[in-house]
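Undergrad: Take this structure, written in structure tokens, and hold onto it; I'll ask about it next.
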Amino acid sequence: MIDTKIFNDTKNAFILKTDKDLKRSLFIFSLMNIPFFVPISTVLTQFALKIKLPIESIIRATIFKQFCGGETQEECMPLVKLMYSKNVHSVLDYSVEGKETEADFDEAARRKIEIIKFASTSKELPFAVAKPTGLGRFEIWEKVTHNETLSSQEQNEWERIKHRLEKICQAAVDYDTKLLIDAEESWMQDAADDLIEEMMMKFNKDKAYIFNTLQCYRWDRLAYVKELHERANNQGFKLGFKVVRGAYMEKENLRAKRKGYQSPICEDKEATDVNFNAVMTYCINNIEDISMFIGTHNEVSSYMALQLMEQQGIDLDDDRIWFGQLYGMSDHISYNIGKHQSNAIKLLPFGPIRDVVPYLIRRAQENSSVKGQTGRELALLQEEKQRREGQYVKRIN
């Protein structure tokens, strides 16, 4: 029977943090918990980088250290191995965003394949990750989603996008590494969904190598999963899904309001939670056909998944179910799931400091926009600080 207090063990959650690490994390989340701190600091950081102020050392010692593993994949490996010593795996994510040229997209594809090859040599790295708009311009994805006519140049771009993704998927199969493909804004996602379904049909014959991402703040995702499951059964391929709540809620609702169409987003946080749990339950109940990466910082959903696995007689370390959190967050979930021999994994971003600043800004914005997320992180860190101080008092007495 899974202990209902599985996520309360802060000693195990922060077992790899030194007292110095703990103080840094407390400092960062305390700042992020201050209203308006994130938007103000975002503007100041972008301005400082634009005028080339030497602020990399400050970024490295604070938010980069909290949320990234290093500047290169080799630099990440000591941390990867340290986390693996506590049964927590890693996904290396080259988190450079905002590139726009064909040369940039070719380089992104090349780097993704390089990371897949690198991951195949390390048992600590069972997954790789790719972002659709890292492989081609957003406008092309959007036009294909809306069935707009492409110019000959745009059609060539689209063919190159498909070629890049197929090469990455082929590398994932060749090197026996599972591939997570991110979801993005709804107005480009249909094109991504259709292309990823093609990749699943081609490469997921015997097991799931290719995983699409389901943002469950979209109220249509359960119906999408059921329809795709039926097609997959009819055509003989396996499904892989990374299940998350979602990252673009404010942007989605604003665009829907501005353009006068029904928002694709659930009406509130509670409805999103219900939808996420329903999608997750459907996938677990169909584990023979669907593999999943449960990407959540929510304790209730994580515990629910463990209970469902137990009820279904699914081994806690079954390779078809993984529990993933972002590095620097929700250690109380990752390390306590790892302690119970389930498949725990951290998404570990890396890249040159200046180039990953857009990712770090987005991460800070998402943290501050999710109700209670920063406060929960802060409370757990404070609880562990108090526990350690109590242990210190006991020792000197």
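Lettering and numbering for the structure tokens are positional, with chains as A, B, ... in the shown order, residues counted from 1 in each chain, and ligands counted from 1 in the shown order.
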Sorted by chain and rising residue number, list the residues of segment 207-228 of chain A at most 12 Å from segment 169-177 of chain A (counting only C-alpha atoms), each with its closest atom pair and distance in Å to one decimal, as CSV.

TA:
residue,atom,partner,partner_atom,distance
A:Lys207,CA,A:Val173,CA,10.0
A:Ala208,CA,A:Val173,CA,9.5
A:Tyr209,CA,A:Val173,CA,6.5
A:Ile210,CA,A:Cys169,CA,6.9
A:Phe211,CA,A:Cys169,CA,10.1
A:Asn212,CA,A:Cys169,CA,11.8

Undergrad: Just to be explicit: take each residue in the selection above, keep N, CA and C atoms, and write the result as a PDB file, in the first residue's frame.

TA:
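Final file, selection.pdb:
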ATOM      1  N   LYS A 207       7.106  -0.815 -29.531  1.00  0.00           N
ATOM      2  CA  LYS A 207       7.022  -0.092 -28.263  1.00  0.00           C
ATOM      3  C   LYS A 207       7.052   1.394 -28.557  1.00  0.00           C
ATOM      4  N   ALA A 208       6.737   2.195 -27.548  1.00  0.00           N
ATOM      5  CA  ALA A 208       6.685   3.643 -27.751  1.00  0.00           C
ATOM      6  C   ALA A 208       8.076   4.254 -27.632  1.00  0.00           C
ATOM      7  N   TYR A 209       8.568   4.743 -28.764  1.00  0.00           N
ATOM      8  CA  TYR A 209       9.780   5.559 -28.779  1.00  0.00           C
ATOM      9  C   TYR A 209       9.427   7.049 -28.848  1.00  0.00           C
ATOM     10  N   ILE A 210       8.375   7.365 -29.611  1.00  0.00           N
ATOM     11  CA  ILE A 210       8.001   8.751 -29.861  1.00  0.00           C
ATOM     12  C   ILE A 210       6.818   9.118 -28.970  1.00  0.00           C
ATOM     13  N   PHE A 211       6.970  10.199 -28.196  1.00  0.00           N
ATOM     14  CA  PHE A 211       5.951  10.651 -27.252  1.00  0.00           C
ATOM     15  C   PHE A 211       5.484  12.053 -27.642  1.00  0.00           C
ATOM     16  N   ASN A 212       4.186  12.213 -27.860  1.00  0.00           N
ATOM     17  CA  ASN A 212       3.613  13.543 -28.036  1.00  0.00           C
ATOM     18  C   ASN A 212       3.253  14.114 -26.670  1.00  0.00           C
TER      19      ASN A 212
END

Undergrad: Using DSSP on the backbone coordinates, identify the residues of segment 45-127 of chain A assigned to strand (DSSP E or B); present them as a PyMOL selection string.

TA: chain A and resi 70+88-94+127

Undergrad: With all heavy atoms kept, could you save the residues just selected as a JSON list (two decimals), in the first residue's frame?

TA:
[["chain", "number", "residue", "atom", "x", "y", "z"],
["A", 70, "GLY", "N", 24.07, 22.96, -16.42],
["A", 70, "GLY", "CA", 25.39, 23.40, -16.87],
["A", 70, "GLY", "C", 25.28, 24.01, -18.25],
["A", 70, "GLY", "O", 24.18, 24.17, -18.79],
["A", 88, "VAL", "N", 17.03, 8.81, -9.38],
["A", 88, "VAL", "CA", 16.35, 9.84, -10.16],
["A", 88, "VAL", "C", 17.11, 10.00, -11.48],
["A", 88, "VAL", "O", 18.29, 10.37, -11.49],
["A", 88, "VAL", "CB", 16.30, 11.19, -9.40],
["A", 88, "VAL", "CG1", 15.68, 12.27, -10.28],
["A", 88, "VAL", "CG2", 15.49, 11.03, -8.11],
["A", 89, "HIS", "N", 16.44, 9.67, -12.60],
["A", 89, "HIS", "CA", 17.04, 9.77, -13.92],
["A", 89, "HIS", "C", 16.99, 11.21, -14.42],
["A", 89, "HIS", "O", 16.44, 12.09, -13.75],
["A", 89, "HIS", "CB", 16.30, 8.86, -14.90],
["A", 89, "HIS", "CG", 16.36, 7.41, -14.56],
["A", 89, "HIS", "ND1", 15.68, 6.86, -13.48],
["A", 89, "HIS", "CD2", 17.00, 6.37, -15.16],
["A", 89, "HIS", "CE1", 15.91, 5.55, -13.43],
["A", 89, "HIS", "NE2", 16.70, 5.23, -14.44],
["A", 90, "SER", "N", 17.51, 11.45, -15.61],
["A", 90, "SER", "CA", 17.53, 12.80, -16.19],
["A", 90, "SER", "C", 17.17, 12.78, -17.67],
["A", 90, "SER", "O", 17.37, 11.78, -18.36],
["A", 90, "SER", "CB", 18.93, 13.44, -16.05],
["A", 90, "SER", "OG", 19.30, 13.58, -14.69],
["A", 91, "VAL", "N", 16.63, 13.92, -18.14],
["A", 91, "VAL", "CA", 16.44, 14.19, -19.56],
["A", 91, "VAL", "C", 17.24, 15.46, -19.85],
["A", 91, "VAL", "O", 16.94, 16.52, -19.31],
["A", 91, "VAL", "CB", 14.96, 14.47, -19.92],
["A", 91, "VAL", "CG1", 14.80, 14.57, -21.44],
["A", 91, "VAL", "CG2", 14.04, 13.42, -19.35],
["A", 92, "LEU", "N", 18.26, 15.36, -20.68],
["A", 92, "LEU", "CA", 19.03, 16.54, -21.04],
["A", 92, "LEU", "C", 18.27, 17.35, -22.10],
["A", 92, "LEU", "O", 17.86, 16.81, -23.12],
["A", 92, "LEU", "CB", 20.40, 16.15, -21.59],
["A", 92, "LEU", "CG", 21.40, 15.57, -20.60],
["A", 92, "LEU", "CD1", 22.70, 15.21, -21.32],
["A", 92, "LEU", "CD2", 21.69, 16.53, -19.45],
["A", 93, "ASP", "N", 18.09, 18.64, -21.82],
["A", 93, "ASP", "CA", 17.33, 19.50, -22.73],
["A", 93, "ASP", "C", 18.16, 20.73, -23.07],
["A", 93, "ASP", "O", 18.38, 21.59, -22.21],
["A", 93, "ASP", "CB", 16.02, 19.91, -22.07],
["A", 93, "ASP", "CG", 15.15, 20.77, -22.99],
["A", 93, "ASP", "OD1", 15.46, 20.85, -24.19],
["A", 93, "ASP", "OD2", 14.16, 21.35, -22.50],
["A", 94, "TYR", "N", 18.64, 20.80, -24.31],
["A", 94, "TYR", "CA", 19.38, 21.98, -24.77],
["A", 94, "TYR", "C", 18.37, 23.10, -24.94],
["A", 94, "TYR", "O", 17.64, 23.17, -25.93],
["A", 94, "TYR", "CB", 20.09, 21.67, -26.08],
["A", 94, "TYR", "CG", 20.98, 22.78, -26.59],
["A", 94, "TYR", "CD1", 22.09, 23.19, -25.87],
["A", 94, "TYR", "CD2", 20.71, 23.41, -27.80],
["A", 94, "TYR", "CE1", 22.91, 24.21, -26.34],
["A", 94, "TYR", "CE2", 21.52, 24.43, -28.28],
["A", 94, "TYR", "CZ", 22.62, 24.83, -27.54],
["A", 94, "TYR", "OH", 23.42, 25.83, -28.00],
["A", 127, "PHE", "N", 15.58, 9.28, -21.87],
["A", 127, "PHE", "CA", 14.79, 10.09, -22.79],
["A", 127, "PHE", "C", 15.64, 11.21, -23.38],
["A", 127, "PHE", "O", 16.61, 11.66, -22.79],
["A", 127, "PHE", "CB", 13.62, 10.77, -22.06],
["A", 127, "PHE", "CG", 12.47, 9.86, -21.69],
["A", 127, "PHE", "CD1", 12.49, 9.15, -20.50],
["A", 127, "PHE", "CD2", 11.36, 9.75, -22.51],
["A", 127, "PHE", "CE1", 11.43, 8.33, -20.13],
["A", 127, "PHE", "CE2", 10.29, 8.94, -22.15],
["A", 127, "PHE", "CZ", 10.33, 8.23, -20.97]]

Undergrad: Given the choices A:Met188, A:Met329, A:Leu179, A:Val43, which gets closest to Ser120 of chain A if the distance is worked out from only C-alpha atoms?

TA: A:Leu179

Undergrad: Nearest to Gly69 of chain A among A:Leu82, A:Leu49, A:Ile294, A:Val243, with distances taken over only C-alpha atoms: which residue is it?

TA: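 For Gly69 of chain A, the nearest of the candidates is A:Leu82.
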
Undergrad: Could you list, as a VMD selection string, every residue within 10 Å of Lys65 of chain A, counting only C-alpha atoms and ignoring same-chain residues fewer than 3 positions away?

TA: chain A and resid 21 24 to 25 58 to 62 68 to 70 328

Undergrad: Please report the interatomic distance between atom CA of Asp315 of chain A and atom CA of Met292 of chain A in Å with one decimal.

TA: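 A separation of 14.1 Å between them.
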
Undergrad: How many Å separate atom CA of Arg258 of chain A from atom CA of Glu100 of chain A?

TA: 26.0 Å

Undergrad: Please list as an NGL selection string every residue within 12 Å of segment 104-117 of chain A, counting only C-alpha atoms and excluding residues in the same chain fewer than 2 positions away.

TA: :A and (72-74 or 91-102 or 119-122 or 125-138 or 157-158 or 160-181 or 209 or 350-351)

Undergrad: Write out the residues from the selection above, keeping C-alpha atoms, as a PDB file, in the first residue's frame.

TA:
ATOM      1  CA  THR A  72      27.301  21.664 -21.933  1.00  0.00           C
ATOM      2  CA  GLN A  73      26.028  18.109 -21.720  1.00  0.00           C
ATOM      3  CA  GLU A  74      29.408  16.993 -20.362  1.00  0.00           C
ATOM      4  CA  VAL A  91      16.440  14.194 -19.560  1.00  0.00           C
ATOM      5  CA  LEU A  92      19.032  16.544 -21.044  1.00  0.00           C
ATOM      6  CA  ASP A  93      17.333  19.495 -22.731  1.00  0.00           C
ATOM      7  CA  TYR A  94      19.375  21.977 -24.771  1.00  0.00           C
ATOM      8  CA  SER A  95      17.174  24.933 -23.824  1.00  0.00           C
ATOM      9  CA  VAL A  96      18.212  27.573 -26.334  1.00  0.00           C
ATOM     10  CA  GLU A  97      15.111  29.341 -27.670  1.00  0.00           C
ATOM     11  CA  GLY A  98      14.224  32.111 -30.103  1.00  0.00           C
ATOM     12  CA  LYS A  99      16.235  31.006 -33.155  1.00  0.00           C
ATOM     13  CA  GLU A 100      14.715  31.772 -36.549  1.00  0.00           C
ATOM     14  CA  THR A 101      16.977  30.829 -39.497  1.00  0.00           C
ATOM     15  CA  GLU A 102      17.189  27.616 -41.487  1.00  0.00           C
ATOM     16  CA  ALA A 119      22.078   9.600 -23.945  1.00  0.00           C
ATOM     17  CA  SER A 120      22.310   6.113 -25.426  1.00  0.00           C
ATOM     18  CA  THR A 121      25.661   5.625 -23.674  1.00  0.00           C
ATOM     19  CA  SER A 122      24.276   6.463 -20.214  1.00  0.00           C
ATOM     20  CA  LEU A 125      19.411   9.232 -19.578  1.00  0.00           C
ATOM     21  CA  PRO A 126      16.452   7.180 -20.929  1.00  0.00           C
ATOM     22  CA  PHE A 127      14.790  10.093 -22.791  1.00  0.00           C
ATOM     23  CA  ALA A 128      15.654  12.950 -25.120  1.00  0.00           C
ATOM     24  CA  VAL A 129      13.447  15.938 -25.938  1.00  0.00           C
ATOM     25  CA  ALA A 130      12.623  18.048 -29.021  1.00  0.00           C
ATOM     26  CA  LYS A 131      10.615  21.246 -29.510  1.00  0.00           C
ATOM     27  CA  PRO A 132       8.665  21.597 -32.796  1.00  0.00           C
ATOM     28  CA  THR A 133       9.391  25.307 -33.210  1.00  0.00           C
ATOM     29  CA  GLY A 134      13.060  24.545 -32.655  1.00  0.00           C
ATOM     30  CA  LEU A 135      12.923  22.789 -36.041  1.00  0.00           C
ATOM     31  CA  GLY A 136      11.078  25.385 -38.103  1.00  0.00           C
ATOM     32  CA  ARG A 137       9.367  28.747 -38.016  1.00  0.00           C
ATOM     33  CA  PHE A 138       6.202  29.074 -35.909  1.00  0.00           C
ATOM     34  CA  GLU A 157      10.464  24.949 -45.378  1.00  0.00           C
ATOM     35  CA  TRP A 158       7.702  22.562 -44.303  1.00  0.00           C
ATOM     36  CA  ARG A 160      12.630  20.467 -44.284  1.00  0.00           C
ATOM     37  CA  ILE A 161      10.796  20.582 -40.944  1.00  0.00           C
ATOM     38  CA  LYS A 162       9.360  17.121 -41.571  1.00  0.00           C
ATOM     39  CA  HIS A 163      12.757  15.828 -42.650  1.00  0.00           C
ATOM     40  CA  ARG A 164      14.444  17.188 -39.509  1.00  0.00           C
ATOM     41  CA  LEU A 165      11.858  15.631 -37.205  1.00  0.00           C
ATOM     42  CA  GLU A 166      11.997  12.288 -39.000  1.00  0.00           C
ATOM     43  CA  LYS A 167      15.796  12.194 -38.709  1.00  0.00           C
ATOM     44  CA  ILE A 168      15.550  12.870 -34.973  1.00  0.00           C
ATOM     45  CA  CYS A 169      12.899  10.164 -34.534  1.00  0.00           C
ATOM     46  CA  GLN A 170      14.973   7.683 -36.541  1.00  0.00           C
ATOM     47  CA  ALA A 171      17.975   8.431 -34.321  1.00  0.00           C
ATOM     48  CA  ALA A 172      15.836   7.807 -31.209  1.00  0.00           C
ATOM     49  CA  VAL A 173      14.933   4.332 -32.502  1.00  0.00           C
ATOM     50  CA  ASP A 174      18.458   3.574 -33.735  1.00  0.00           C
ATOM     51  CA  TYR A 175      19.939   4.497 -30.345  1.00  0.00           C
ATOM     52  CA  ASP A 176      17.082   3.030 -28.249  1.00  0.00           C
ATOM     53  CA  THR A 177      16.255   6.343 -26.570  1.00  0.00           C
ATOM     54  CA  LYS A 178      12.694   7.533 -26.027  1.00  0.00           C
ATOM     55  CA  LEU A 179      11.871  10.967 -27.482  1.00  0.00           C
ATOM     56  CA  LEU A 180       9.569  13.538 -25.868  1.00  0.00           C
ATOM     57  CA  ILE A 181       8.191  16.104 -28.337  1.00  0.00           C
ATOM     58  CA  TYR A 209       9.780   5.559 -28.779  1.00  0.00           C
ATOM     59  CA  PHE A 350      21.521  23.206 -20.282  1.00  0.00           C
ATOM     60  CA  GLY A 351      23.165  25.653 -22.670  1.00  0.00           C
TER      61      GLY A 351
END

Undergrad: As a PyMOL selection string, please: all residues of segment 43-284 of chain A that backbone DSSP puts in helix (DSSP H, G or I).

TA: chain A and resi 43-50+56-67+73-84+102-120+132-134+138-145+152-174+186-203+221-235+249-259+269-284

Undergrad: With only C-alpha atoms as the atoms that count, which of A:Ala379, A:Leu316, A:Met199, A:Val279 lies nearest to Tyr224 of chain A?

TA: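 Residue with the minimum atom-to-atom distance to Tyr224 of chain A: A:Val279.
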
Undergrad: What does the structure give for the distance between atom CA of Pro39 of chain A and atom CA of Phe67 of chain A, in Å to one decimal?

TA: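 Going from atom CA of Pro39 of chain A over to atom CA of Phe67 of chain A, I get 17.9 Å.
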
Undergrad: Pick out the closest residue to Gln365 of chain A from this set: A:Lys269, A:Lys202, A:Asn234, A:Ser41. Count only C-alpha atoms.

TA: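 Result for the nearest residue to Gln365 of chain A: A:Ser41.
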
Undergrad: Which one is closest to Asp268 of chain A: A:Leu348, A:Cys216, A:Met280, A:Met304? Count only C-alpha atoms.

TA: A:Cys216

Undergrad: Between A:Ile63, A:Ile337, A:Ile28, A:Ile396, which has the minimum distance to Thr45 of chain A (counting only C-alpha atoms)?

TA: A:Ile63

Undergrad: Can you pull out the residues contacting Leu44 of chain A? Cut-off 12 Å, using only C-alpha atoms, and skip same-chain residues under 6 positions away; I want them as a list in words.

TA: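 Non-adjacent residues within range: Phe37, Val38, Lys50, Ile51, Leu53, Ile55 and Ile361 of chain A.
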
Undergrad: Find the residues around Arg255 of chain A up to 12 Å (only C-alpha atoms counted), leave out those fewer than 6 positions away in its own chain, and share them as a PyMOL selection string.

TA: chain A and resi 185-187+248-249+261-265

Undergrad: Just the residues within 7 Å of Asp289 of chain A, please, counting only C-alpha atoms, with nothing from its chain fewer than 3 positions along; format it as an mmCIF file with C-alpha atoms, in the first residue's frame.

TA:
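Output file around-v4.cif follows:
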data_model
loop_
_atom_site.group_PDB
_atom_site.id
_atom_site.type_symbol
_atom_site.label_atom_id
_atom_site.label_comp_id
_atom_site.auth_asym_id
_atom_site.auth_seq_id
_atom_site.Cartn_x
_atom_site.Cartn_y
_atom_site.Cartn_z
ATOM 1 C CA LYS A 238 1.839 2.069 -29.885
ATOM 2 C CA LEU A 239 1.205 5.476 -28.365
ATOM 3 C CA ASN A 286 -4.697 1.227 -21.349
#
